[in-house]
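What follows is the content of structure_14.cif (mmCIF, C-alpha atoms).
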data_upload
#
loop_
_atom_site.group_PDB
_atom_site.id
_atom_site.type_symbol
_atom_site.label_atom_id
_atom_site.label_comp_id
_atom_site.auth_asym_id
_atom_site.auth_seq_id
_atom_site.Cartn_x
_atom_site.Cartn_y
_atom_site.Cartn_z
ATOM 1 C CA MET Y 1 13.420 0.061 -2.439
ATOM 2 C CA LYS Y 2 12.107 0.287 -6.014
ATOM 3 C CA ILE Y 3 8.707 -0.357 -7.564
ATOM 4 C CA GLU Y 4 7.271 0.116 -11.030
ATOM 5 C CA LEU Y 5 3.732 0.661 -12.326
ATOM 6 C CA ASN Y 6 2.512 0.050 -15.876
ATOM 7 C CA ARG Y 7 -0.799 1.133 -17.322
ATOM 8 C CA ILE Y 8 -2.727 -1.876 -18.667
ATOM 9 C CA ASN Y 9 -5.784 -0.366 -20.349
ATOM 10 C CA LYS Y 10 -7.039 3.034 -21.530
ATOM 11 C CA ASP Y 11 -8.521 3.785 -18.116
ATOM 12 C CA PHE Y 12 -7.170 3.292 -14.608
ATOM 13 C CA HIS Y 13 -5.928 -0.287 -14.532
ATOM 14 C CA PHE Y 14 -2.251 -0.511 -13.565
ATOM 15 C CA GLN Y 15 0.042 -3.370 -12.640
ATOM 16 C CA GLY Y 16 2.639 -2.842 -9.960
ATOM 17 C CA THR Y 17 5.811 -4.860 -9.463
ATOM 18 C CA GLY Y 18 8.552 -4.743 -6.876
ATOM 19 C CA ALA Y 19 11.594 -6.946 -6.212
ATOM 20 C CA THR Y 20 9.781 -10.243 -6.968
ATOM 21 C CA LYS Y 21 8.124 -9.102 -10.234
ATOM 22 C CA ILE Y 22 4.858 -10.744 -9.069
ATOM 23 C CA ALA Y 23 2.191 -8.380 -10.416
ATOM 24 C CA VAL Y 24 -0.243 -6.479 -8.225
ATOM 25 C CA ASN Y 25 -3.409 -5.397 -10.059
ATOM 26 C CA ILE Y 26 -4.565 -1.884 -9.191
ATOM 27 C CA ASP Y 27 -7.584 0.018 -10.493
ATOM 28 C CA GLY Y 28 -9.647 3.092 -9.771
ATOM 29 C CA SER Y 29 -12.374 2.746 -12.414
ATOM 30 C CA SER Y 30 -15.117 2.366 -9.785
ATOM 31 C CA GLU Y 31 -14.516 6.021 -8.858
ATOM 32 C CA ILE Y 32 -16.053 7.003 -12.195
ATOM 33 C CA GLY Y 33 -18.748 4.293 -12.295
ATOM 34 C CA GLY Y 34 -16.661 1.566 -13.944
ATOM 35 C CA LYS Y 35 -15.593 -1.868 -12.739
ATOM 36 C CA ASP Y 36 -12.278 -2.294 -10.952
ATOM 37 C CA ALA Y 37 -9.831 -4.908 -12.249
ATOM 38 C CA GLY Y 38 -7.727 -4.728 -9.108
ATOM 39 C CA ALA Y 39 -7.334 -3.231 -5.653
ATOM 40 C CA ARG Y 40 -7.842 0.485 -5.079
ATOM 41 C CA PRO Y 41 -4.715 2.515 -4.164
ATOM 42 C CA MET Y 42 -5.967 3.236 -0.640
ATOM 43 C CA GLU Y 43 -6.833 -0.457 -0.166
ATOM 44 C CA LEU Y 44 -3.198 -1.268 -0.990
ATOM 45 C CA VAL Y 45 -2.047 1.083 1.723
ATOM 46 C CA LEU Y 46 -4.275 -0.735 4.248
ATOM 47 C CA MET Y 47 -2.949 -4.105 3.000
ATOM 48 C CA GLY Y 48 0.562 -2.739 3.505
ATOM 49 C CA LEU Y 49 -0.294 -1.800 7.069
ATOM 50 C CA GLY Y 50 -1.985 -5.107 7.902
ATOM 51 C CA SER Y 51 0.721 -7.291 6.370
ATOM 52 C CA CYS Y 52 3.569 -5.261 7.873
ATOM 53 C CA SER Y 53 2.075 -5.799 11.288
ATOM 54 C CA ALA Y 54 1.091 -9.426 10.588
ATOM 55 C CA ILE Y 55 4.658 -10.323 9.563
ATOM 56 C CA ASP Y 56 6.010 -8.745 12.772
ATOM 57 C CA ILE Y 57 3.491 -10.700 14.843
ATOM 58 C CA VAL Y 58 4.243 -14.043 13.127
ATOM 59 C CA GLN Y 59 7.968 -13.472 13.752
ATOM 60 C CA ILE Y 60 7.478 -12.598 17.420
ATOM 61 C CA LEU Y 61 5.133 -15.548 18.063
ATOM 62 C CA LYS Y 62 7.605 -17.931 16.347
ATOM 63 C CA LYS Y 63 10.380 -16.724 18.678
ATOM 64 C CA GLN Y 64 8.075 -17.358 21.613
ATOM 65 C CA LYS Y 65 7.372 -20.941 20.448
ATOM 66 C CA GLN Y 66 3.660 -20.208 20.050
ATOM 67 C CA THR Y 67 1.725 -22.465 17.650
ATOM 68 C CA LEU Y 68 -0.117 -20.306 15.137
ATOM 69 C CA LEU Y 69 -2.294 -22.451 12.851
ATOM 70 C CA ASP Y 70 -4.282 -19.774 11.079
ATOM 71 C CA PHE Y 71 -4.207 -15.977 10.978
ATOM 72 C CA LYS Y 72 -6.665 -13.541 9.408
ATOM 73 C CA ILE Y 73 -6.671 -9.771 9.594
ATOM 74 C CA LYS Y 74 -9.635 -7.534 8.838
ATOM 75 C CA ILE Y 75 -9.184 -3.787 8.546
ATOM 76 C CA GLU Y 76 -11.864 -1.145 8.430
ATOM 77 C CA ALA Y 77 -10.890 2.463 7.811
ATOM 78 C CA GLU Y 78 -12.702 5.749 7.579
ATOM 79 C CA ARG Y 79 -11.497 8.567 5.327
ATOM 80 C CA GLU Y 80 -11.835 12.319 5.674
ATOM 81 C CA ASN Y 81 -14.826 13.826 3.868
ATOM 82 C CA LYS Y 82 -12.614 16.474 2.313
ATOM 83 C CA ILE Y 83 -9.877 16.391 -0.349
ATOM 84 C CA PRO Y 84 -7.310 14.859 0.155
ATOM 85 C CA ALA Y 85 -9.385 12.070 1.724
ATOM 86 C CA VAL Y 86 -6.707 10.703 4.065
ATOM 87 C CA PHE Y 87 -7.532 7.984 6.598
ATOM 88 C CA LYS Y 88 -8.822 9.400 9.865
ATOM 89 C CA THR Y 89 -9.468 6.108 11.684
ATOM 90 C CA ILE Y 90 -8.080 2.621 11.034
ATOM 91 C CA HIS Y 91 -9.294 -0.379 13.005
ATOM 92 C CA VAL Y 92 -7.326 -3.621 12.702
ATOM 93 C CA ASN Y 93 -9.004 -6.830 13.840
ATOM 94 C CA PHE Y 94 -6.680 -9.855 14.219
ATOM 95 C CA HIS Y 95 -8.121 -13.403 14.268
ATOM 96 C CA PHE Y 96 -5.656 -15.995 15.550
ATOM 97 C CA THR Y 97 -6.140 -19.756 15.528
ATOM 98 C CA GLY Y 98 -3.755 -21.995 17.457
ATOM 99 C CA GLU Y 99 -2.206 -22.838 20.805
ATOM 100 C CA LEU Y 100 -1.618 -19.300 21.913
ATOM 101 C CA ASP Y 101 -1.073 -17.449 25.172
ATOM 102 C CA LYS Y 102 -3.343 -14.396 25.213
ATOM 103 C CA ASN Y 103 -0.770 -12.176 26.928
ATOM 104 C CA LYS Y 104 1.959 -13.140 24.457
ATOM 105 C CA VAL Y 105 -0.364 -12.375 21.544
ATOM 106 C CA GLU Y 106 -1.253 -8.970 22.947
ATOM 107 C CA LYS Y 107 2.435 -8.203 23.614
ATOM 108 C CA ALA Y 108 3.286 -9.158 19.996
ATOM 109 C CA ILE Y 109 0.613 -6.811 18.628
ATOM 110 C CA GLU Y 110 1.756 -3.984 20.904
ATOM 111 C CA LEU Y 111 5.407 -4.461 19.884
ATOM 112 C CA SER Y 112 4.456 -4.302 16.216
ATOM 113 C CA PHE Y 113 2.176 -1.276 16.534
ATOM 114 C CA ASN Y 114 4.404 0.749 18.854
ATOM 115 C CA LYS Y 115 7.899 -0.287 17.831
ATOM 116 C CA TYR Y 116 8.495 -2.293 14.640
ATOM 117 C CA CYS Y 117 5.839 -1.651 11.998
ATOM 118 C CA SER Y 118 6.966 1.091 9.590
ATOM 119 C CA VAL Y 119 3.541 1.483 7.977
ATOM 120 C CA THR Y 120 1.780 2.092 11.308
ATOM 121 C CA ALA Y 121 4.481 4.640 12.169
ATOM 122 C CA MET Y 122 3.728 6.556 8.941
ATOM 123 C CA LEU Y 123 -0.078 6.377 8.947
ATOM 124 C CA ASN Y 124 -0.542 7.311 12.597
ATOM 125 C CA LYS Y 125 0.492 10.851 11.684
ATOM 126 C CA THR Y 126 -2.960 11.398 10.160
ATOM 127 C CA ALA Y 127 -5.080 8.467 11.446
ATOM 128 C CA LYS Y 128 -6.073 7.076 14.817
ATOM 129 C CA ILE Y 129 -5.053 3.409 14.584
ATOM 130 C CA ASN Y 130 -6.436 0.857 17.010
ATOM 131 C CA TYR Y 131 -6.861 -2.914 17.174
ATOM 132 C CA SER Y 132 -8.852 -5.792 18.603
ATOM 133 C CA PHE Y 133 -8.091 -9.511 18.540
ATOM 134 C CA SER Y 134 -9.607 -12.927 19.109
ATOM 135 C CA ILE Y 135 -8.047 -16.374 19.608
ATOM 136 C CA ASN Y 136 -9.755 -19.637 18.584
ATOM 137 C CA MET F 137 -13.225 0.980 3.260
ATOM 138 C CA LYS F 138 -12.569 -2.643 4.222
ATOM 139 C CA ILE F 139 -9.790 -5.075 3.415
ATOM 140 C CA GLU F 140 -8.942 -8.584 4.569
ATOM 141 C CA LEU F 141 -5.692 -10.540 4.781
ATOM 142 C CA ASN F 142 -5.338 -14.324 4.973
ATOM 143 C CA ARG F 143 -2.187 -16.241 5.785
ATOM 144 C CA ILE F 144 -1.349 -18.690 2.979
ATOM 145 C CA ASN F 145 1.624 -20.665 4.288
ATOM 146 C CA LYS F 146 3.442 -21.287 7.580
ATOM 147 C CA ASP F 147 5.655 -18.266 7.065
ATOM 148 C CA PHE F 148 4.895 -14.744 5.854
ATOM 149 C CA HIS F 149 2.863 -15.200 2.703
ATOM 150 C CA PHE F 150 -0.521 -13.446 2.909
ATOM 151 C CA GLN F 151 -3.228 -12.670 0.387
ATOM 152 C CA GLY F 152 -5.061 -9.391 0.607
ATOM 153 C CA THR F 153 -8.489 -8.612 -0.833
ATOM 154 C CA GLY F 154 -10.585 -5.474 -0.943
ATOM 155 C CA ALA F 155 -13.898 -4.642 -2.623
ATOM 156 C CA THR F 156 -13.115 -6.551 -5.852
ATOM 157 C CA LYS F 157 -11.877 -9.775 -4.172
ATOM 158 C CA ILE F 158 -8.953 -9.846 -6.651
ATOM 159 C CA ALA F 159 -6.089 -11.220 -4.551
ATOM 160 C CA VAL F 160 -2.892 -9.310 -3.840
ATOM 161 C CA ASN F 161 0.037 -11.554 -2.899
ATOM 162 C CA ILE F 162 2.164 -10.215 -0.057
ATOM 163 C CA ASP F 163 5.243 -11.730 1.543
ATOM 164 C CA GLY F 164 8.096 -10.836 3.855
ATOM 165 C CA SER F 165 10.103 -14.073 3.763
ATOM 166 C CA SER F 166 13.115 -12.358 2.159
ATOM 167 C CA GLU F 167 13.611 -10.493 5.459
ATOM 168 C CA ILE F 168 14.696 -13.785 7.041
ATOM 169 C CA GLY F 169 16.583 -15.163 4.023
ATOM 170 C CA GLY F 170 13.626 -16.836 2.292
ATOM 171 C CA LYS F 171 12.007 -16.245 -1.084
ATOM 172 C CA ASP F 172 9.080 -13.852 -1.369
ATOM 173 C CA ALA F 173 5.865 -15.073 -3.021
ATOM 174 C CA GLY F 174 4.484 -11.558 -3.340
ATOM 175 C CA ALA F 175 5.127 -7.868 -2.832
ATOM 176 C CA ARG F 176 6.627 -6.590 0.410
ATOM 177 C CA PRO F 177 4.310 -4.488 2.646
ATOM 178 C CA MET F 178 6.336 -1.311 2.115
ATOM 179 C CA GLU F 179 6.347 -1.935 -1.661
ATOM 180 C CA LEU F 180 2.532 -2.013 -1.521
ATOM 181 C CA VAL F 181 2.527 1.385 0.149
ATOM 182 C CA LEU F 182 4.671 2.780 -2.688
ATOM 183 C CA MET F 183 2.358 1.162 -5.262
ATOM 184 C CA GLY F 184 -0.561 2.815 -3.459
ATOM 185 C CA LEU F 185 1.158 6.173 -3.739
ATOM 186 C CA GLY F 186 2.115 5.783 -7.392
ATOM 187 C CA SER F 187 -1.282 4.494 -8.515
ATOM 188 C CA CYS F 188 -3.223 7.078 -6.491
ATOM 189 C CA SER F 189 -1.279 9.802 -8.233
ATOM 190 C CA ALA F 190 -1.370 8.057 -11.645
ATOM 191 C CA ILE F 191 -5.182 7.763 -11.532
ATOM 192 C CA ASP F 192 -5.469 11.474 -10.691
ATOM 193 C CA ILE F 193 -3.169 12.351 -13.582
ATOM 194 C CA VAL F 194 -5.026 10.143 -16.110
ATOM 195 C CA GLN F 195 -8.314 11.775 -15.060
ATOM 196 C CA ILE F 196 -6.940 15.315 -15.348
ATOM 197 C CA LEU F 197 -5.323 14.669 -18.746
ATOM 198 C CA LYS F 198 -8.560 13.097 -20.058
ATOM 199 C CA LYS F 199 -10.456 16.240 -19.049
ATOM 200 C CA GLN F 200 -7.877 18.304 -20.907
ATOM 201 C CA LYS F 201 -8.294 16.195 -24.084
ATOM 202 C CA GLN F 202 -4.666 15.084 -23.972
ATOM 203 C CA THR F 203 -3.827 11.825 -25.774
ATOM 204 C CA LEU F 204 -2.016 9.522 -23.378
ATOM 205 C CA LEU F 205 -0.900 6.332 -25.156
ATOM 206 C CA ASP F 206 1.322 4.797 -22.511
ATOM 207 C CA PHE F 207 2.143 5.601 -18.912
ATOM 208 C CA LYS F 208 4.779 4.084 -16.625
ATOM 209 C CA ILE F 209 5.747 5.136 -13.130
ATOM 210 C CA LYS F 210 8.977 4.219 -11.372
ATOM 211 C CA ILE F 211 9.407 4.930 -7.685
ATOM 212 C CA GLU F 212 12.587 4.777 -5.662
ATOM 213 C CA ALA F 213 12.417 5.270 -1.916
ATOM 214 C CA GLU F 214 14.904 5.363 0.912
ATOM 215 C CA ARG F 215 14.019 4.187 4.419
ATOM 216 C CA GLU F 216 15.336 5.309 7.795
ATOM 217 C CA ASN F 217 18.202 3.228 9.145
ATOM 218 C CA LYS F 218 16.457 2.901 12.489
ATOM 219 C CA ILE F 219 13.333 1.044 13.668
ATOM 220 C CA PRO F 220 10.609 1.817 12.567
ATOM 221 C CA ALA F 221 12.199 2.128 9.123
ATOM 222 C CA VAL F 222 9.762 4.671 7.672
ATOM 223 C CA PHE F 223 10.353 6.220 4.252
ATOM 224 C CA LYS F 224 12.538 9.305 4.426
ATOM 225 C CA THR F 225 12.696 10.097 0.706
ATOM 226 C CA ILE F 226 10.388 9.017 -2.139
ATOM 227 C CA HIS F 227 11.190 9.878 -5.739
ATOM 228 C CA VAL F 228 8.459 9.327 -8.340
ATOM 229 C CA ASN F 229 9.473 9.243 -11.987
ATOM 230 C CA PHE F 230 6.600 9.482 -14.507
ATOM 231 C CA HIS F 231 7.116 8.331 -18.131
ATOM 232 C CA PHE F 232 4.386 9.553 -20.475
ATOM 233 C CA THR F 233 3.921 8.521 -24.095
ATOM 234 C CA GLY F 234 1.473 10.415 -26.293
ATOM 235 C CA GLU F 235 0.441 13.754 -27.744
ATOM 236 C CA LEU F 236 0.931 15.762 -24.614
ATOM 237 C CA ASP F 237 1.473 19.389 -23.692
ATOM 238 C CA LYS F 238 4.393 19.573 -21.247
ATOM 239 C CA ASN F 239 2.803 22.334 -19.164
ATOM 240 C CA LYS F 240 -0.494 20.467 -18.857
ATOM 241 C CA VAL F 241 1.354 17.330 -17.762
ATOM 242 C CA GLU F 242 3.294 19.225 -15.123
ATOM 243 C CA LYS F 243 0.108 20.931 -13.908
ATOM 244 C CA ALA F 244 -1.628 17.527 -13.617
ATOM 245 C CA ILE F 245 1.237 16.123 -11.519
ATOM 246 C CA GLU F 246 1.269 19.200 -9.280
ATOM 247 C CA LEU F 247 -2.514 19.019 -8.751
ATOM 248 C CA SER F 248 -2.259 15.375 -7.767
ATOM 249 C CA PHE F 249 0.711 15.815 -5.430
ATOM 250 C CA ASN F 250 -0.475 19.013 -3.759
ATOM 251 C CA LYS F 251 -4.250 18.663 -3.795
ATOM 252 C CA TYR F 252 -5.910 15.348 -4.663
ATOM 253 C CA CYS F 253 -3.726 12.355 -3.817
ATOM 254 C CA SER F 254 -4.579 10.995 -0.355
ATOM 255 C CA VAL F 255 -1.525 8.741 -0.181
ATOM 256 C CA THR F 256 0.919 11.574 -0.871
ATOM 257 C CA ALA F 257 -0.867 13.641 1.801
ATOM 258 C CA MET F 258 -0.271 10.862 4.365
ATOM 259 C CA LEU F 259 3.304 9.882 3.481
ATOM 260 C CA ASN F 260 4.660 13.433 3.251
ATOM 261 C CA LYS F 261 4.379 13.642 7.035
ATOM 262 C CA THR F 262 7.506 11.480 7.322
ATOM 263 C CA ALA F 263 9.042 11.501 3.815
ATOM 264 C CA LYS F 264 10.279 14.113 1.366
ATOM 265 C CA ILE F 265 8.377 13.283 -1.813
ATOM 266 C CA ASN F 266 9.523 14.641 -5.166
ATOM 267 C CA TYR F 267 9.028 13.818 -8.831
ATOM 268 C CA SER F 268 10.485 14.006 -12.306
ATOM 269 C CA PHE F 269 8.847 13.271 -15.660
ATOM 270 C CA SER F 270 9.553 12.627 -19.321
ATOM 271 C CA ILE F 271 7.330 12.685 -22.426
ATOM 272 C CA ASN F 272 7.975 10.530 -25.500
#
File written out as C-alpha cells:
Amino acid sequence: MKIELNRINKDFHFQGTGATKIAVNIDGSSEIGGKDAGARPMELVLMGLGSCSAIDIVQILKKQKQTLLDFKIKIEAERENKIPAVFKTIHVNFHFTGELDKNKVEKAIELSFNKYCSVTAMLNKTAKINYSFSIN
Amino acid sequence: MKIELNRINKDFHFQGTGATKIAVNIDGSSEIGGKDAGARPMELVLMGLGSCSAIDIVQILKKQKQTLLDFKIKIEAERENKIPAVFKTIHVNFHFTGELDKNKVEKAIELSFNKYCSVTAMLNKTAKINYSFSIN
C-alpha cells in the first residue's frame, strides 16, 4: 500500500492521495491558532477506524440479507494529556436505519471489532475501544 | 476529539467529517472488485501518520529558521498476510526542497518519530516504522 502527501501552503495544509488519487485535505493550523483547511491527522486515524469497521459491517449484513437503508457512525476519542498524545479511549456509536435483526447487527459489529478490522487491531494496543449502537 | 461518518451510496462509500466539516471521501469497493470513490481506511491511517509527522517537522524547522520551499512525503507499507491485516512495516520517505541544514532536518524527523508524533507512537506497537529523506 502506497500513499503520498504534498504540502499545499506555507503552513500545515497537506493533500494526501492513495490508489484512487482522490485528494484528502489535511491541516494542523488550528494547533497554532490558525484555521484548518482539512481534517486533523488524528481525526483521519479515527475516520480510518470507523470506516474500516463500517465496511466490514456492511459486508456482513449484505451476506445476511439484512436491509440497511442508512448508516452513520459517530466516534468520540480521548487523548493522553502527555506527549505523545495517543488515544486512550475511543467510543464508536453506530446508527443503523433499515430492516435489521438486532442480534445480527451486534454479531456483525463484534466480528469486525474482534476479528476483521485492521485499524481496531492496531489502535487497541494503546486505547480502550468500545461501541454502542441503535437501530431505527 | 469527535468525528462522524455518513454512508453515501448502497455500497462502501462514506464521507467523514471532523471539526472543520470538510469532507473526506472513503471507500472500500475495490475490495470486492468495484471502483473506489475515495481513500481506503488503511490509506487514511497512513495519511494520518505522514501528516502528523510532517506538521511536527514543519513546526520544528520554522523554529530553527530553516527555509522550506516544498515538502512531499511518500509512504509505503506492508500488511500482514493474515486477518486482521495490520501494518507490519511502514517506510516514510521525506522529500524536502529549500535552504536546509541536513543535520537539523534529521533532528526534526527524529524528534517527531521518537517524541511528538501520536500516530507513530500508536502504530509502532504493531509495525516497524522507518524513514529516509532527501534535500533538493
Compute the set of chain Y residues within 6 Å of chain F, using only C-alpha atoms, and express it as number ranges by chain.
Y: 1-7, 12, 22, 24, 38, 41, 44-45, 48, 51-52, 55, 71-77, 83-86, 116-118
Mind fitting chain F onto chain Y over all Cα atoms in sequence order and sending the result as a short mmCIF file (atom, residue, chain, number, x, y, z; two decimals) with C-alpha atoms, keeping the file's coordinate frame?
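Below you can see selection_32.cif, which holds the result:
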data_model
loop_
_atom_site.label_atom_id
_atom_site.label_comp_id
_atom_site.auth_asym_id
_atom_site.auth_seq_id
_atom_site.Cartn_x
_atom_site.Cartn_y
_atom_site.Cartn_z
CA MET F 137 13.43 0.06 -2.47
CA LYS F 138 12.10 0.29 -6.03
CA ILE F 139 8.71 -0.36 -7.57
CA GLU F 140 7.26 0.12 -11.04
CA LEU F 141 3.73 0.66 -12.33
CA ASN F 142 2.50 0.05 -15.88
CA ARG F 143 -0.82 1.14 -17.32
CA ILE F 144 -2.74 -1.86 -18.69
CA ASN F 145 -5.80 -0.36 -20.36
CA LYS F 146 -7.07 3.04 -21.52
CA ASP F 147 -8.53 3.79 -18.12
CA PHE F 148 -7.18 3.28 -14.61
CA HIS F 149 -5.94 -0.28 -14.53
CA PHE F 150 -2.25 -0.51 -13.57
CA GLN F 151 0.04 -3.37 -12.64
CA GLY F 152 2.63 -2.85 -9.96
CA THR F 153 5.81 -4.86 -9.46
CA GLY F 154 8.55 -4.75 -6.87
CA ALA F 155 11.60 -6.94 -6.24
CA THR F 156 9.78 -10.24 -6.98
CA LYS F 157 8.13 -9.10 -10.26
CA ILE F 158 4.87 -10.74 -9.08
CA ALA F 159 2.20 -8.38 -10.43
CA VAL F 160 -0.25 -6.48 -8.23
CA ASN F 161 -3.41 -5.40 -10.06
CA ILE F 162 -4.57 -1.90 -9.20
CA ASP F 163 -7.57 0.01 -10.50
CA GLY F 164 -9.64 3.09 -9.77
CA SER F 165 -12.36 2.74 -12.42
CA SER F 166 -15.10 2.37 -9.79
CA GLU F 167 -14.50 6.03 -8.86
CA ILE F 168 -16.04 7.02 -12.20
CA GLY F 169 -18.74 4.32 -12.30
CA GLY F 170 -16.66 1.58 -13.95
CA LYS F 171 -15.60 -1.86 -12.74
CA ASP F 172 -12.29 -2.29 -10.96
CA ALA F 173 -9.84 -4.91 -12.25
CA GLY F 174 -7.72 -4.73 -9.11
CA ALA F 175 -7.33 -3.24 -5.66
CA ARG F 176 -7.84 0.47 -5.08
CA PRO F 177 -4.71 2.50 -4.16
CA MET F 178 -5.96 3.23 -0.64
CA GLU F 179 -6.82 -0.46 -0.17
CA LEU F 180 -3.19 -1.28 -1.00
CA VAL F 181 -2.04 1.08 1.73
CA LEU F 182 -4.27 -0.75 4.24
CA MET F 183 -2.94 -4.11 3.01
CA GLY F 184 0.57 -2.74 3.51
CA LEU F 185 -0.29 -1.81 7.08
CA GLY F 186 -1.98 -5.10 7.91
CA SER F 187 0.73 -7.29 6.38
CA CYS F 188 3.58 -5.26 7.88
CA SER F 189 2.08 -5.79 11.30
CA ALA F 190 1.10 -9.43 10.59
CA ILE F 191 4.68 -10.33 9.57
CA ASP F 192 6.01 -8.74 12.78
CA ILE F 193 3.50 -10.70 14.84
CA VAL F 194 4.25 -14.05 13.13
CA GLN F 195 7.98 -13.48 13.75
CA ILE F 196 7.48 -12.60 17.42
CA LEU F 197 5.15 -15.55 18.07
CA LYS F 198 7.60 -17.94 16.35
CA LYS F 199 10.36 -16.72 18.67
CA GLN F 200 8.07 -17.36 21.62
CA LYS F 201 7.36 -20.95 20.45
CA GLN F 202 3.65 -20.21 20.05
CA THR F 203 1.72 -22.46 17.65
CA LEU F 204 -0.12 -20.30 15.14
CA LEU F 205 -2.29 -22.44 12.85
CA ASP F 206 -4.29 -19.76 11.08
CA PHE F 207 -4.20 -15.99 10.98
CA LYS F 208 -6.65 -13.54 9.40
CA ILE F 209 -6.66 -9.77 9.59
CA LYS F 210 -9.63 -7.54 8.84
CA ILE F 211 -9.18 -3.80 8.56
CA GLU F 212 -11.87 -1.15 8.44
CA ALA F 213 -10.88 2.45 7.82
CA GLU F 214 -12.70 5.74 7.58
CA ARG F 215 -11.49 8.56 5.32
CA GLU F 216 -11.84 12.32 5.68
CA ASN F 217 -14.82 13.80 3.88
CA LYS F 218 -12.62 16.45 2.30
CA ILE F 219 -9.88 16.37 -0.36
CA PRO F 220 -7.31 14.84 0.17
CA ALA F 221 -9.39 12.06 1.72
CA VAL F 222 -6.72 10.69 4.07
CA PHE F 223 -7.54 7.97 6.60
CA LYS F 224 -8.83 9.39 9.86
CA THR F 225 -9.48 6.11 11.68
CA ILE F 226 -8.08 2.61 11.03
CA HIS F 227 -9.30 -0.38 13.00
CA VAL F 228 -7.33 -3.62 12.70
CA ASN F 229 -8.99 -6.83 13.84
CA PHE F 230 -6.67 -9.85 14.23
CA HIS F 231 -8.12 -13.40 14.26
CA PHE F 232 -5.66 -15.99 15.56
CA THR F 233 -6.15 -19.75 15.51
CA GLY F 234 -3.76 -21.98 17.46
CA GLU F 235 -2.23 -22.83 20.81
CA LEU F 236 -1.63 -19.29 21.92
CA ASP F 237 -1.08 -17.45 25.17
CA LYS F 238 -3.36 -14.39 25.21
CA ASN F 239 -0.78 -12.18 26.92
CA LYS F 240 1.96 -13.13 24.46
CA VAL F 241 -0.37 -12.37 21.55
CA GLU F 242 -1.25 -8.98 22.96
CA LYS F 243 2.42 -8.21 23.63
CA ALA F 244 3.29 -9.15 20.01
CA ILE F 245 0.62 -6.80 18.64
CA GLU F 246 1.76 -3.98 20.91
CA LEU F 247 5.41 -4.44 19.89
CA SER F 248 4.46 -4.30 16.23
CA PHE F 249 2.18 -1.27 16.54
CA ASN F 250 4.40 0.75 18.86
CA LYS F 251 7.90 -0.28 17.84
CA TYR F 252 8.51 -2.28 14.65
CA CYS F 253 5.85 -1.64 12.00
CA SER F 254 6.98 1.10 9.59
CA VAL F 255 3.55 1.48 7.99
CA THR F 256 1.79 2.09 11.31
CA ALA F 257 4.50 4.65 12.17
CA MET F 258 3.73 6.56 8.95
CA LEU F 259 -0.08 6.38 8.94
CA ASN F 260 -0.54 7.31 12.60
CA LYS F 261 0.48 10.86 11.69
CA THR F 262 -2.97 11.39 10.16
CA ALA F 263 -5.08 8.47 11.45
CA LYS F 264 -6.07 7.07 14.82
CA ILE F 265 -5.06 3.42 14.58
CA ASN F 266 -6.44 0.86 17.01
CA TYR F 267 -6.86 -2.90 17.17
CA SER F 268 -8.85 -5.78 18.60
CA PHE F 269 -8.10 -9.51 18.54
CA SER F 270 -9.61 -12.93 19.09
CA ILE F 271 -8.06 -16.38 19.60
CA ASN F 272 -9.77 -19.62 18.56
#
re atom CA of Asn266 of chain F and atom CA of Gly234 of chain F: distance 23.0 Å
To one decimal in Å, tell me the separation between atom CA of Ser268 of chain F and atom CA of Thr233 of chain F.
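Atom CA of Thr233 of chain F lies 14.6 Å from atom CA of Ser268 of chain F.
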Just the number, please: distance in Å from atom CA of Asn81 of chain Y to atom CA of Lys243 of chain F, one decimal.
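Atom CA of Lys243 of chain F lies at a distance of 24.3 Å from atom CA of Asn81 of chain Y.
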Grab all the atoms of segment 195-205 of chain F that the file lists, wrap them in a box along x, y and z, add 3 Å per side, and give me centre plus edge lengths in Å (one decimal) as JSON.
{"center_x": -5.7, "center_y": 12.3, "center_z": -20.4, "size_x": 15.6, "size_y": 18.0, "size_z": 16.7}
List the spatial neighbours of segment 200-203 of chain F as a list in words - criterion: any atom at most 8 Å away, only C-alpha atoms, same-chain residues fewer than 5 positions off excluded.
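The neighbour list is Gly234, Glu235, Leu236, Asp237 and Lys240 of chain F.
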Segment 13-22 of chain Y from the block above: N, CA and C atoms written as a JSON list (two decimals), in the first residue's frame:
[["chain", "number", "residue", "atom", "x", "y", "z"],
["Y", 13, "HIS", "N", -1.06, 22.82, 5.68],
["Y", 13, "HIS", "CA", -2.07, 22.21, 4.82],
["Y", 13, "HIS", "C", -1.40, 21.25, 3.83],
["Y", 14, "PHE", "N", -1.81, 19.99, 3.91],
["Y", 14, "PHE", "CA", -1.30, 18.95, 3.01],
["Y", 14, "PHE", "C", -2.46, 18.29, 2.28],
["Y", 15, "GLN", "N", -2.17, 17.73, 1.11],
["Y", 15, "GLN", "CA", -3.15, 16.87, 0.45],
["Y", 15, "GLN", "C", -2.58, 15.48, 0.33],
["Y", 16, "GLY", "N", -3.38, 14.51, 0.73],
["Y", 16, "GLY", "CA", -2.97, 13.11, 0.66],
["Y", 16, "GLY", "C", -3.69, 12.41, -0.47],
["Y", 17, "THR", "N", -2.97, 11.50, -1.15],
["Y", 17, "THR", "CA", -3.62, 10.66, -2.16],
["Y", 17, "THR", "C", -3.12, 9.23, -2.04],
["Y", 18, "GLY", "N", -4.02, 8.31, -2.30],
["Y", 18, "GLY", "CA", -3.67, 6.90, -2.33],
["Y", 18, "GLY", "C", -3.92, 6.34, -3.72],
["Y", 19, "ALA", "N", -4.40, 5.11, -3.81],
["Y", 19, "ALA", "CA", -4.59, 4.43, -5.09],
["Y", 19, "ALA", "C", -5.54, 5.19, -6.03],
["Y", 20, "THR", "N", -6.58, 5.82, -5.50],
["Y", 20, "THR", "CA", -7.58, 6.47, -6.37],
["Y", 20, "THR", "C", -7.18, 7.86, -6.85],
["Y", 21, "LYS", "N", -6.21, 8.48, -6.18],
["Y", 21, "LYS", "CA", -5.79, 9.87, -6.47],
["Y", 21, "LYS", "C", -6.84, 10.90, -6.07],
["Y", 22, "ILE", "N", -7.91, 10.50, -5.38],
["Y", 22, "ILE", "CA", -8.89, 11.46, -4.86],
["Y", 22, "ILE", "C", -8.27, 12.11, -3.62]]
